[in-house]
$ cat query33.cif   # mmCIF, C-alpha atoms
data_data
#
loop_
_atom_site.label_atom_id
_atom_site.label_comp_id
_atom_site.auth_asym_id
_atom_site.auth_seq_id
_atom_site.Cartn_x
_atom_site.Cartn_y
_atom_site.Cartn_z
CA MET J 90 96.09 -239.84 40.41
CA THR J 91 95.73 -239.50 36.69
CA GLY J 92 92.64 -241.66 36.81
CA LEU J 93 90.99 -239.41 39.38
CA ILE J 94 91.62 -236.33 37.27
CA GLY J 95 90.15 -237.97 34.20
CA SER J 96 87.08 -239.06 36.14
CA ALA J 97 86.51 -235.53 37.39
CA ARG J 98 86.76 -234.12 33.89
CA PHE J 99 84.22 -236.63 32.72
CA TRP J 100 81.72 -235.64 35.35
CA LEU J 101 82.25 -231.92 34.68
CA ILE J 102 81.66 -232.38 30.98
CA LEU J 103 78.58 -234.47 31.69
CA ALA J 104 77.18 -231.84 34.07
CA ALA J 105 77.77 -229.06 31.52
CA GLY J 106 76.02 -231.09 28.85
CA LEU J 107 73.07 -231.79 31.10
CA THR J 108 72.81 -228.08 31.94
CA LEU J 109 72.87 -227.14 28.27
CA VAL J 110 70.18 -229.69 27.53
CA SER J 111 68.03 -228.35 30.39
CA VAL J 112 68.36 -224.72 29.24
CA THR J 113 67.55 -225.67 25.66
CA ALA J 114 64.57 -227.73 26.74
CA ALA J 115 63.29 -224.86 28.87
CA ALA J 116 63.62 -222.46 25.96
CA VAL J 117 61.77 -224.83 23.67
CA TRP J 118 59.04 -225.26 26.32
CA ARG J 119 58.64 -221.49 26.67
CA ASN J 120 58.38 -221.11 22.92
CA LEU J 121 55.83 -223.88 22.71
CA HIS J 122 53.97 -222.76 25.84
CA PRO J 123 53.99 -218.89 26.05
CA PRO J 124 52.77 -217.37 29.34
CA ALA J 125 49.00 -216.76 29.61
CA THR J 126 47.78 -213.15 29.09
CA ALA J 127 45.63 -211.72 31.88
CA VAL J 128 42.16 -210.76 30.63
CA ARG J 129 38.85 -209.57 32.01
CA VAL J 130 35.64 -211.11 30.74
CA ALA J 131 31.88 -210.65 30.75
CA VAL J 132 29.06 -213.08 30.07
CA ALA J 133 26.97 -212.80 26.89
CA GLU J 134 23.38 -212.67 28.16
CA GLU J 135 19.82 -212.43 26.91
CA ARG J 136 18.66 -209.12 28.33
CA LEU J 137 16.32 -206.20 27.68
CA PHE J 138 17.96 -203.80 25.22
CA GLU J 139 17.02 -200.23 24.39
CA ASP J 140 18.71 -197.19 22.91
CA LYS J 141 17.33 -193.86 24.06
CA VAL J 142 18.40 -190.25 24.32
CA LEU J 143 17.25 -187.66 26.86
CA ALA J 144 16.44 -184.07 25.91
CA THR J 145 14.71 -180.97 27.19
CA GLY J 146 11.86 -179.56 25.13
CA ARG J 147 9.20 -176.88 24.99
CA VAL J 148 5.50 -177.35 24.30
CA GLU J 149 4.27 -175.26 21.37
CA THR J 150 1.09 -175.00 19.36
CA ARG J 151 1.40 -176.41 15.86
CA CYS J 152 -0.48 -173.43 14.40
CA GLN J 153 0.28 -170.10 16.05
CA ALA J 154 0.12 -166.41 15.10
CA VAL J 155 1.24 -163.21 16.79
CA VAL J 156 -0.81 -160.02 16.42
CA VAL J 157 1.56 -157.03 16.23
CA ALA J 158 1.21 -153.27 16.05
CA PRO J 159 1.29 -152.23 12.35
CA PHE J 160 2.48 -148.69 13.15
CA ALA J 161 3.58 -146.61 16.12
CA ALA J 162 0.50 -145.77 18.18
CA ARG J 163 -1.16 -146.01 21.58
CA LEU J 164 -3.30 -149.09 22.27
CA LEU J 165 -6.79 -147.76 22.96
CA THR J 166 -8.76 -150.96 23.51
CA LEU J 167 -8.07 -154.68 23.83
CA GLU J 168 -11.28 -156.68 23.96
CA VAL J 169 -10.04 -160.22 24.68
CA GLN J 170 -8.37 -161.96 27.60
CA GLU J 171 -6.02 -164.94 27.79
CA GLY J 172 -8.04 -168.10 27.27
CA ASP J 173 -10.74 -166.47 25.09
CA ARG J 174 -11.67 -168.23 21.86
CA VAL J 175 -11.52 -166.06 18.74
CA THR J 176 -12.47 -166.50 15.10
CA ALA J 177 -10.43 -165.50 12.07
CA GLY J 178 -11.08 -161.84 11.24
CA GLN J 179 -12.55 -161.02 14.65
CA VAL J 180 -11.76 -157.50 15.90
CA LEU J 181 -9.56 -157.82 18.98
CA GLY J 182 -8.62 -154.22 19.75
CA GLU J 183 -7.97 -150.78 18.33
CA LEU J 184 -5.02 -148.42 18.07
CA ASP J 185 -5.06 -144.64 18.25
CA ALA J 186 -4.90 -143.87 14.53
CA ALA J 187 -5.16 -140.06 14.71
CA ASP J 188 -1.89 -139.59 12.86
CA VAL J 189 -2.91 -142.05 10.18
CA LYS J 190 -6.28 -140.34 9.80
CA GLU J 191 -4.43 -137.09 9.25
CA ARG J 192 -2.40 -138.76 6.52
CA VAL J 193 -5.61 -140.03 4.93
CA ARG J 194 -7.07 -136.51 4.93
CA ALA J 195 -3.86 -135.12 3.45
CA ALA J 196 -3.86 -137.78 0.75
CA GLU J 197 -7.53 -137.12 -0.04
CA ALA J 198 -6.80 -133.39 -0.25
CA ALA J 199 -3.90 -134.05 -2.60
CA LEU J 200 -6.17 -136.21 -4.73
CA ALA J 201 -8.74 -133.43 -4.89
CA VAL J 202 -6.04 -131.01 -5.98
CA ALA J 203 -4.81 -133.41 -8.65
CA GLU J 204 -8.34 -133.93 -9.96
CA ALA J 205 -8.92 -130.17 -10.02
CA GLU J 206 -5.68 -129.65 -11.92
CA LEU J 207 -6.73 -132.25 -14.45
CA ALA J 208 -10.11 -130.58 -14.90
CA ALA J 209 -8.47 -127.18 -15.31
CA ALA J 210 -6.02 -128.56 -17.85
CA ARG J 211 -8.93 -129.82 -19.90
CA ALA J 212 -10.70 -126.40 -19.69
CA PRO J 213 -8.29 -123.43 -19.36
CA GLY J 214 -9.54 -120.68 -17.06
CA THR J 215 -10.97 -117.25 -17.82
CA PRO J 216 -9.21 -113.97 -16.81
CA ALA J 217 -11.46 -113.75 -13.77
CA GLU J 218 -10.49 -117.26 -12.74
CA MET J 219 -6.83 -116.39 -13.23
CA ALA J 220 -7.15 -113.36 -10.96
CA ALA J 221 -8.95 -115.39 -8.33
CA ALA J 222 -6.31 -118.11 -8.50
CA GLU J 223 -3.50 -115.59 -8.09
CA ALA J 224 -5.23 -114.07 -5.06
CA ALA J 225 -5.77 -117.53 -3.59
CA LEU J 226 -2.11 -118.36 -4.06
CA ALA J 227 -1.01 -115.17 -2.31
CA ALA J 228 -3.28 -115.95 0.64
CA ALA J 229 -2.06 -119.55 0.78
CA GLU J 230 1.57 -118.45 0.77
CA ALA J 231 0.92 -116.05 3.64
CA SER J 232 -0.81 -118.80 5.63
CA ALA J 233 2.01 -121.24 4.92
CA GLY J 234 4.60 -118.74 6.10
CA ALA J 235 2.71 -118.09 9.31
CA ALA J 236 2.26 -121.83 9.94
CA GLU J 237 5.97 -122.45 9.41
CA LYS J 238 6.92 -119.75 11.94
CA LYS J 239 4.42 -121.16 14.41
CA LEU J 240 5.85 -124.65 14.01
CA GLU J 241 9.39 -123.41 14.59
CA ARG J 242 8.23 -121.62 17.77
CA TYR J 243 6.49 -124.72 19.15
CA ARG J 244 9.49 -126.90 18.36
CA TYR J 245 11.63 -124.57 20.43
CA LEU J 246 9.06 -124.46 23.26
CA PHE J 247 8.75 -128.26 23.23
CA ALA J 248 12.52 -128.65 23.44
CA GLN J 249 12.49 -126.30 26.45
CA GLY J 250 9.64 -128.21 28.08
CA ALA J 251 7.25 -125.23 27.72
CA ALA J 252 4.89 -126.90 25.23
CA SER J 253 3.18 -130.30 25.25
CA GLN J 254 3.44 -133.07 22.70
CA ALA J 255 -0.17 -132.45 21.70
CA GLU J 256 0.52 -128.74 21.04
CA LEU J 257 3.55 -129.60 18.91
CA GLU J 258 1.55 -132.18 16.93
CA ALA J 259 -1.24 -129.63 16.35
CA ALA J 260 1.30 -127.12 14.99
CA GLN J 261 2.75 -129.82 12.73
CA ALA J 262 -0.71 -130.67 11.41
CA GLU J 263 -1.50 -126.99 10.76
CA HIS J 264 1.80 -126.64 8.90
CA LYS J 265 1.02 -129.63 6.72
CA ARG J 266 -2.43 -128.28 5.85
CA ALA J 267 -1.02 -124.85 4.98
CA GLN J 268 1.60 -126.40 2.72
CA ALA J 269 -1.03 -128.55 1.04
CA GLU J 270 -3.25 -125.48 0.47
CA ARG J 271 -0.31 -123.52 -0.99
CA ALA J 272 0.56 -126.42 -3.27
CA ALA J 273 -3.05 -126.64 -4.37
CA ALA J 274 -3.19 -122.92 -5.09
CA GLU J 275 0.05 -123.07 -7.06
CA ALA J 276 -1.19 -126.06 -9.01
CA ARG J 277 -4.54 -124.34 -9.70
CA LEU J 278 -2.86 -121.22 -11.05
CA ALA J 279 -0.36 -123.24 -13.10
CA ALA J 280 -3.16 -125.36 -14.49
CA LEU J 281 -5.05 -122.28 -15.59
CA LYS J 282 -1.97 -121.13 -17.47
CA GLU J 283 -1.37 -124.45 -19.18
CA ALA J 284 -3.26 -126.40 -21.76
CA GLY J 285 -2.64 -129.14 -24.30
CA ALA J 286 -2.53 -132.93 -24.53
CA GLN J 287 0.89 -133.27 -22.91
CA THR J 288 -0.21 -131.25 -19.89
CA ILE J 289 -3.34 -133.36 -19.55
CA GLU J 290 -1.28 -136.59 -19.55
CA VAL J 291 0.91 -135.23 -16.78
CA HIS J 292 -2.11 -134.33 -14.67
CA GLN J 293 -3.68 -137.72 -15.31
CA ALA J 294 -0.51 -139.37 -13.96
CA ARG J 295 -0.67 -137.15 -10.88
CA VAL J 296 -4.28 -138.19 -10.30
CA ARG J 297 -3.33 -141.86 -10.49
CA GLN J 298 -0.48 -141.31 -8.06
CA ALA J 299 -2.72 -139.38 -5.66
CA ARG J 300 -5.40 -142.11 -5.77
CA ALA J 301 -2.76 -144.76 -4.96
CA ALA J 302 -1.62 -142.67 -1.99
CA VAL J 303 -5.21 -142.41 -0.73
CA GLU J 304 -5.73 -146.18 -1.02
CA SER J 305 -2.45 -146.88 0.79
CA ALA J 306 -3.32 -144.49 3.62
CA ARG J 307 -6.81 -146.00 3.97
CA ARG J 308 -5.36 -149.52 4.12
CA GLU J 309 -2.98 -148.44 6.86
CA LEU J 310 -5.87 -146.82 8.73
CA ALA J 311 -7.83 -150.08 8.53
CA LYS J 312 -4.93 -151.87 10.22
CA GLY J 313 -5.57 -149.76 13.30
CA ARG J 314 -8.35 -152.22 14.06
CA LEU J 315 -6.47 -155.31 15.24
CA THR J 316 -8.03 -158.54 13.95
CA ALA J 317 -7.35 -162.23 14.52
CA PRO J 318 -5.34 -163.73 11.63
CA ILE J 319 -6.43 -167.27 12.57
CA ALA J 320 -9.08 -168.97 14.68
CA GLY J 321 -7.91 -170.23 18.06
CA THR J 322 -7.40 -169.30 21.69
CA VAL J 323 -5.63 -166.25 23.09
CA LEU J 324 -2.53 -167.75 24.65
CA GLN J 325 -0.79 -164.55 25.76
CA ARG J 326 -1.46 -160.82 26.07
CA SER J 327 1.79 -158.93 25.57
CA ALA J 328 0.39 -155.39 25.81
CA ARG J 329 -2.11 -153.44 27.90
CA GLU J 330 -4.58 -150.71 27.07
CA GLY J 331 -2.76 -147.39 27.16
CA ASP J 332 0.64 -148.80 26.13
CA TYR J 333 2.46 -146.91 23.39
CA LEU J 334 3.58 -149.52 20.88
CA GLN J 335 6.30 -149.41 18.26
CA PRO J 336 5.78 -151.00 14.83
CA GLY J 337 6.03 -154.79 15.12
CA ALA J 338 5.50 -154.86 18.90
CA PRO J 339 3.57 -158.03 19.90
CA VAL J 340 0.06 -157.52 21.26
CA LEU J 341 -1.49 -161.00 21.37
CA THR J 342 -0.44 -164.59 20.67
CA ILE J 343 -3.14 -166.88 19.26
CA GLY J 344 -2.97 -170.66 18.86
CA ASP J 345 -4.88 -173.90 19.34
CA PRO J 346 -4.04 -175.55 22.70
CA GLU J 347 -5.57 -178.80 21.41
CA GLN J 348 -3.00 -179.04 18.61
CA LEU J 349 0.34 -179.19 20.44
CA GLN J 350 3.83 -180.36 19.63
CA VAL J 351 7.08 -180.61 21.56
CA VAL J 352 10.23 -179.03 20.19
CA ALA J 353 13.14 -180.89 21.82
CA GLU J 354 16.71 -179.63 21.74
CA LEU J 355 19.43 -182.28 21.32
CA SER J 356 23.14 -181.74 21.54
CA GLU J 357 25.18 -182.54 18.44
CA GLN J 358 26.60 -185.78 19.87
CA ASP J 359 23.11 -187.17 20.69
CA VAL J 360 21.29 -186.58 17.41
CA LYS J 361 22.84 -189.52 15.52
CA GLY J 362 20.22 -192.20 14.92
CA VAL J 363 17.25 -189.98 15.76
CA ALA J 364 14.70 -190.15 12.93
CA ALA J 365 11.04 -189.60 12.12
CA GLY J 366 8.70 -192.29 13.44
CA GLN J 367 10.58 -193.02 16.67
CA GLU J 368 8.58 -193.20 19.91
CA VAL J 369 8.97 -190.44 22.48
CA GLU J 370 7.97 -190.27 26.15
CA ILE J 371 7.17 -186.81 27.55
CA ARG J 372 7.14 -185.84 31.23
CA TRP J 373 6.23 -182.49 32.79
CA PHE J 374 6.86 -181.22 36.30
CA GLY J 375 3.42 -179.58 36.22
CA ASP J 376 1.83 -183.06 36.26
CA PRO J 377 4.64 -185.30 37.58
CA GLY J 378 2.63 -188.50 37.79
CA LYS J 379 1.76 -188.59 34.12
CA ALA J 380 3.62 -189.48 30.92
CA TRP J 381 2.60 -188.47 27.38
CA ARG J 382 3.34 -190.51 24.30
CA GLY J 383 4.56 -188.88 21.13
CA GLU J 384 6.40 -189.56 17.89
CA VAL J 385 9.26 -187.81 16.14
CA CYS J 386 7.77 -186.15 13.05
CA ARG J 387 10.89 -184.39 11.78
CA VAL J 388 14.46 -183.48 12.64
CA ALA J 389 15.86 -180.05 11.79
CA PRO J 390 18.37 -180.25 8.92
CA ALA J 391 20.88 -177.90 10.56
CA VAL J 392 22.74 -177.33 13.82
CA THR J 393 21.87 -174.01 15.47
CA ARG J 394 23.29 -172.03 18.35
CA LYS J 395 21.07 -172.05 21.42
CA VAL J 396 19.77 -168.61 22.32
CA GLY J 397 21.29 -167.30 25.52
CA ARG J 398 23.99 -169.98 25.68
CA GLU J 399 26.59 -169.05 23.13
CA ALA J 400 28.80 -172.11 23.62
CA GLU J 401 26.02 -174.69 23.10
CA LYS J 402 24.91 -175.90 19.68
CA ILE J 403 21.74 -177.94 19.33
CA VAL J 404 19.56 -179.73 16.79
CA ARG J 405 15.79 -179.27 17.10
CA VAL J 406 13.58 -182.36 16.99
CA TYR J 407 9.81 -181.92 16.49
CA VAL J 408 7.51 -184.35 18.28
CA THR J 409 3.77 -184.79 17.71
CA LEU J 410 1.62 -185.77 20.71
CA GLU J 411 -1.07 -188.42 20.75
CA GLU J 412 -3.17 -186.67 23.42
CA PRO J 413 -2.14 -183.22 24.77
CA GLY J 414 -4.26 -183.70 27.88
CA SER J 415 -3.19 -181.32 30.64
CA LEU J 416 -0.06 -180.09 28.85
CA LEU J 417 0.07 -176.32 28.42
CA PRO J 418 1.71 -174.33 25.61
CA GLY J 419 5.02 -172.89 26.75
CA ALA J 420 5.70 -175.66 29.28
CA THR J 421 9.23 -177.02 29.62
CA VAL J 422 9.27 -180.84 29.46
CA ASP J 423 11.67 -183.77 29.52
CA ALA J 424 11.66 -185.96 26.41
CA VAL J 425 12.96 -189.53 26.13
CA ILE J 426 13.47 -190.47 22.47
CA HIS J 427 13.68 -194.23 21.84
CA ARG J 428 16.08 -194.75 18.96
CA VAL J 429 15.54 -198.51 19.48
CA LYS J 430 12.41 -199.88 21.15
CA PRO J 431 13.00 -202.03 24.28
CA HIS J 432 13.26 -205.74 23.35
CA GLN J 433 15.02 -208.95 24.44
CA ALA J 434 18.35 -209.58 22.72
CA LEU J 435 21.73 -211.27 23.21
CA LEU J 436 24.00 -208.55 24.58
CA VAL J 437 27.71 -208.16 25.16
CA PRO J 438 29.55 -205.10 26.48
CA THR J 439 30.34 -202.73 23.65
CA GLU J 440 34.05 -202.77 24.56
CA ALA J 441 34.14 -206.52 23.75
CA VAL J 442 33.43 -205.91 20.04
CA LEU J 443 36.25 -205.22 17.58
CA GLU J 444 36.26 -204.49 13.86
CA ILE J 445 38.95 -206.42 11.96
CA GLU J 446 39.22 -206.03 8.20
CA GLY J 447 35.64 -204.83 7.97
CA ALA J 448 34.18 -207.64 10.09
CA LYS J 449 32.86 -207.48 13.64
CA VAL J 450 34.54 -209.98 15.98
CA VAL J 451 34.58 -210.94 19.65
CA PHE J 452 37.02 -213.11 21.57
CA THR J 453 35.90 -215.71 24.10
CA VAL J 454 37.75 -217.77 26.70
CA GLU J 455 37.65 -221.49 25.86
CA GLY J 456 39.95 -223.99 27.58
CA GLY J 457 42.34 -221.28 28.74
CA LYS J 458 42.74 -219.85 25.25
CA ALA J 459 41.30 -216.89 23.36
CA ARG J 460 38.98 -217.85 20.52
CA LYS J 461 37.92 -215.42 17.80
CA HIS J 462 34.29 -215.34 16.63
CA THR J 463 33.00 -213.38 13.67
CA VAL J 464 29.59 -212.01 14.65
CA THR J 465 26.68 -210.09 13.18
CA VAL J 466 25.72 -207.13 15.33
CA GLY J 467 22.49 -205.16 15.69
CA GLY J 468 21.92 -201.94 17.59
CA ALA J 469 24.30 -200.55 20.17
CA ASN J 470 24.19 -198.00 22.96
CA GLU J 471 26.78 -196.61 25.31
CA LEU J 472 27.01 -199.89 27.27
CA TYR J 473 25.92 -202.86 25.18
CA THR J 474 25.90 -204.20 21.62
CA VAL J 475 23.29 -206.60 20.24
CA ILE J 476 24.69 -209.86 18.80
CA LYS J 477 22.41 -211.29 16.13
CA SER J 478 24.52 -214.32 15.21
CA GLY J 479 27.93 -215.92 15.69
CA LEU J 480 27.82 -216.27 19.49
CA GLU J 481 25.89 -218.29 22.04
CA ALA J 482 24.38 -217.03 25.27
CA GLY J 483 26.59 -217.78 28.27
CA ALA J 484 29.88 -217.32 26.40
CA HIS J 485 32.61 -215.48 28.32
CA VAL J 486 33.67 -212.63 26.05
CA ILE J 487 36.97 -210.83 26.58
CA LEU J 488 36.81 -207.10 27.24
CA ASN J 489 39.10 -204.82 25.22
CA PRO J 490 40.79 -207.66 23.25
CA GLN J 491 42.74 -205.36 20.92
CA ASP J 492 46.11 -207.24 21.07
CA LEU J 493 44.90 -210.86 21.25
CA GLN J 494 45.32 -213.57 18.66
CA ASP J 495 43.14 -216.59 18.06
CA GLY J 496 44.41 -219.48 20.24
CA GLN J 497 46.53 -217.28 22.52
CA PRO J 498 46.69 -218.55 26.14
CA VAL J 499 44.76 -216.32 28.52
CA ARG J 500 44.16 -216.12 32.23
CA VAL J 501 40.93 -214.64 33.57
CA THR J 502 41.58 -212.03 36.26
CA GLY J 503 38.13 -210.47 36.57
CA GLY J 504 34.52 -210.66 35.47
CA GLY J 505 34.30 -214.46 35.30
CA PRO J 506 35.69 -217.78 36.63
CA GLU J 507 39.49 -217.87 37.01
#

$ encode --input "query33.cif" --output "structure tokens"
Amino acid sequence: MTGLIGSARFWLILAAGLTLVSVTAAAVWRNLHPPATAVRVAVAEERLFEDKVLATGRVETRCQAVVVAPFAARLLTLEVQEGDRVTAGQVLGELDAADVKERVRAAEAALAVAEAELAAARAPGTPAEMAAAEAALAAAEASAGAAEKKLERYRYLFAQGAASQAELEAAQAEHKRAQAERAAAEARLAALKEAGAQTIEVHQARVRQARAAVESARRELAKGRLTAPIAGTVLQRSAREGDYLQPGAPVLTIGDPEQLQVVAELSEQDVKGVAAGQEVEIRWFGDPGKAWRGEVCRVAPAVTRKVGREAEKIVRVYVTLEEPGSLLPGATVDAVIHRVKPHQALLVPTEAVLEIEGAKVVFTVEGGKARKHTVTVGGANELYTVIKSGLEAGAHVILNPQDLQDGQPVRVTGGGPE
């Protein structure tokens, strides 16, 4: 009996030892052979690579000028139509400059008064001249008073709708003339009473001031004849004969339809990498079967807010065109800007590329393990990155390999052979 018990104990101890050995061996095996990590892969391939950005643009003339109304007036004539060729300095139309002419006459009258005062200061008047000047002043004051009352009456009638604009303007002009005549009479009488070098200097200054006023009024009158600031073609008529225009109101737009550019608007996130010299392809719905070639000539140095769309900020890119052809100024076009020209290159998905300690690396699957490769990259777009060196075509690169280590067992679950 004792022998049986001892034999049983022996076998129990042996079984426990074997179990311990098996558990230990399994643990060692797991440590030496960790489970494979599931990964997805893609094949590095020689393919056509390009990096482009799409934008909407507007066709504009490179040299353009807008003819505007220099002062408030009615447009009497407009002698050109859209599409007409014009030369620099050519008369294009005329404004009603009656008010300006009145200012010229008033300025000329003031100049005459100033010159008369200067002459009188240099040669004081006789008693007869003094009497005549006093009588003239009395008459001028009476006329000025009557004109002022008349103006007040017409202002009231105009406000009540009982007088026309023309009648009110006539009363205003009569009032101005009466005031000018009174001022002239006062100046004439004062000049006859004064003499001396100091008085002459004052009158000389008044003459200079009056002459400057006449020149200014004449220059403004000359602007009533609208002229072309540049040579070109009339692109747009913004006003019609008979329109009453405010100062600065556009009348005509002039440009050269043979010298066109495209102004493309890029969103902030798309402008990176866009630079002068890059090729651009232009397409227009007005001629859908045709494409125009262009080149980026400059990129605006600032981000601006798009007019009419407060939430959108854009960067303007200016594109010169090789041949404008059938494109028209003002047309809305689609622009494809090639940041990188299409060419054959070794490509891998962009999500396969990591940056570790300043170096670009990719991981490949080789013999069931992940292998790290330091690579030199070229251009990149939203989908692919160009590999210049460090990797061979046909390699199975691991996508999103952020947590992998070199030599780590892996198991392909998608994108390549399992």

$ residues_around --input "query33.cif" --residues "region 235-240 of chain J" --least-positions-apart "3" --cutoff "9 Å" --atoms "all atoms listed in the file" --output "PyMOL selection string"
chain J and resi 230-232+243-245+257+259-261+263-268

$ residues_around --input "query33.cif" --residues "Ala274 (chain J)" --least-positions-apart "6" --cutoff "9 Å" --atoms "all atoms listed in the file" --output "list of chain:residue names"
J:Val202, J:Ala222, J:Glu223, J:Ala225, J:Leu226, J:Ala227, J:Ala229, J:Glu230

$ residues_around --input "query33.cif" --residues "Val486 (chain J)" --least-positions-apart "4" --cutoff "12 Å" --atoms "all atoms listed in the file" --output "MDAnalysis selection string"
chainID J and resid 128:134 436:443 450:455 458:462 476 480:482 490 499 501 503:506

$ closest_residue --input "query33.cif" --among "J:Leu137, J:Ala317, J:Ile487, J:Ala424" --to "Ala177 (chain J)" --atoms "all atoms listed in the file"
J:Ala317

$ resolve_selection --input "query33.cif" --expression "the PyMOL selection byres ((chain J and resi 448) around 10)" --output "JSON, numbers by chain"
{"J": [443, 444, 445, 446, 447, 449, 450, 463, 464, 465, 466]}

$ resolve_selection --input "query33.cif" --expression "the PyMOL selection byres ((chain J and resi 326) around 8)" --output "list in words"
Gln170, Glu171, Val323, Leu324, Gln325, Ser327, Ala328, Arg329, Val340, Leu341 and Thr342 of chain J

$ residues_around --input "query33.cif" --residues "Glu384 (chain J)" --least-positions-apart "5" --cutoff "8 Å" --atoms "all atoms listed in the file" --output "PyMOL selection string"
chain J and resi 365-369+408-410

$ atom_distance --input "query33.cif" --atom1 "CA of Val406 (chain J)" --atom2 "CA of Ala320 (chain J)"
26.4 Å

$ closest_residue --input "query33.cif" --among "J:Val475, J:Leu334, J:Leu164, J:Ala380" --to "Asp185 (chain J)" --atoms "all atoms listed in the file"
J:Leu164

$ residues_around --input "query33.cif" --residues "Val425 (chain J)" --least-positions-apart "6" --cutoff "10 Å" --atoms "only C-alpha atoms" --output "list of chain:residue names"
J:Lys141, J:Val142, J:Leu143, J:Ala144, J:Thr145, J:Ala353, J:Glu368, J:Val369, J:Glu370, J:Ile371, J:Arg372, J:Arg382, J:Gly383

$ write_last_selection --input "query33.cif" --atoms "C-alpha atoms" --output "short mmCIF file (atom, residue, chain, number, x, y, z; two decimals), in the frame of the given file"
data_model
loop_
_atom_site.label_atom_id
_atom_site.label_comp_id
_atom_site.auth_asym_id
_atom_site.auth_seq_id
_atom_site.Cartn_x
_atom_site.Cartn_y
_atom_site.Cartn_z
CA LYS J 141 17.33 -193.86 24.06
CA VAL J 142 18.40 -190.25 24.32
CA LEU J 143 17.25 -187.66 26.86
CA ALA J 144 16.44 -184.07 25.91
CA THR J 145 14.71 -180.97 27.19
CA ALA J 353 13.14 -180.89 21.82
CA GLU J 368 8.58 -193.20 19.91
CA VAL J 369 8.97 -190.44 22.48
CA GLU J 370 7.97 -190.27 26.15
CA ILE J 371 7.17 -186.81 27.55
CA ARG J 372 7.14 -185.84 31.23
CA ARG J 382 3.34 -190.51 24.30
CA GLY J 383 4.56 -188.88 21.13
#

$ closest_residue --input "query33.cif" --among "J:Ala127, J:Glu149, J:Gly496, J:Leu165" --to "Arg314 (chain J)" --atoms "all atoms listed in the file"
J:Leu165

$ closest_residue --input "query33.cif" --among "J:Val385, J:Leu167, J:Ala252, J:Val148" --to "Val351 (chain J)" --atoms "only C-alpha atoms"
J:Val148

$ atom_distance --input "query33.cif" --atom1 "CA of Ala205 (chain J)" --atom2 "CA of Glu191 (chain J)"
21.0 Å

$ build_atoms --input "query33.cif" --residues "region 298-310 of chain J" --atoms "N, CA and C atoms" --output "compact mmCIF listing (two decimals), keeping the file's coordinate frame"
# COMPACT_ATOMS: atom_id res chain seq x y z
N GLN J 298 -1.39 -141.24 -9.21
CA GLN J 298 -0.48 -141.31 -8.06
C GLN J 298 -1.19 -140.90 -6.77
N ALA J 299 -2.00 -139.84 -6.85
CA ALA J 299 -2.72 -139.38 -5.66
C ALA J 299 -3.75 -140.42 -5.20
N ARG J 300 -4.43 -141.07 -6.13
CA ARG J 300 -5.40 -142.11 -5.77
C ARG J 300 -4.70 -143.29 -5.08
N ALA J 301 -3.52 -143.67 -5.59
CA ALA J 301 -2.76 -144.76 -4.96
C ALA J 301 -2.36 -144.39 -3.54
N ALA J 302 -2.00 -143.12 -3.33
CA ALA J 302 -1.62 -142.67 -1.99
C ALA J 302 -2.82 -142.72 -1.05
N VAL J 303 -4.00 -142.35 -1.56
CA VAL J 303 -5.21 -142.41 -0.73
C VAL J 303 -5.52 -143.86 -0.34
N GLU J 304 -5.45 -144.77 -1.30
CA GLU J 304 -5.73 -146.18 -1.02
C GLU J 304 -4.74 -146.74 -0.01
N SER J 305 -3.46 -146.40 -0.16
CA SER J 305 -2.45 -146.88 0.79
C SER J 305 -2.72 -146.36 2.19
N ALA J 306 -3.05 -145.07 2.30
CA ALA J 306 -3.32 -144.49 3.62
C ALA J 306 -4.56 -145.11 4.24
N ARG J 307 -5.59 -145.38 3.44
CA ARG J 307 -6.81 -146.00 3.97
C ARG J 307 -6.54 -147.43 4.44
N ARG J 308 -5.71 -148.16 3.68
CA ARG J 308 -5.36 -149.52 4.12
C ARG J 308 -4.62 -149.48 5.46
N GLU J 309 -3.71 -148.55 5.60
CA GLU J 309 -2.98 -148.44 6.86
C GLU J 309 -3.92 -148.07 8.00
N LEU J 310 -4.89 -147.19 7.71
CA LEU J 310 -5.87 -146.82 8.73
C LEU J 310 -6.68 -148.02 9.17
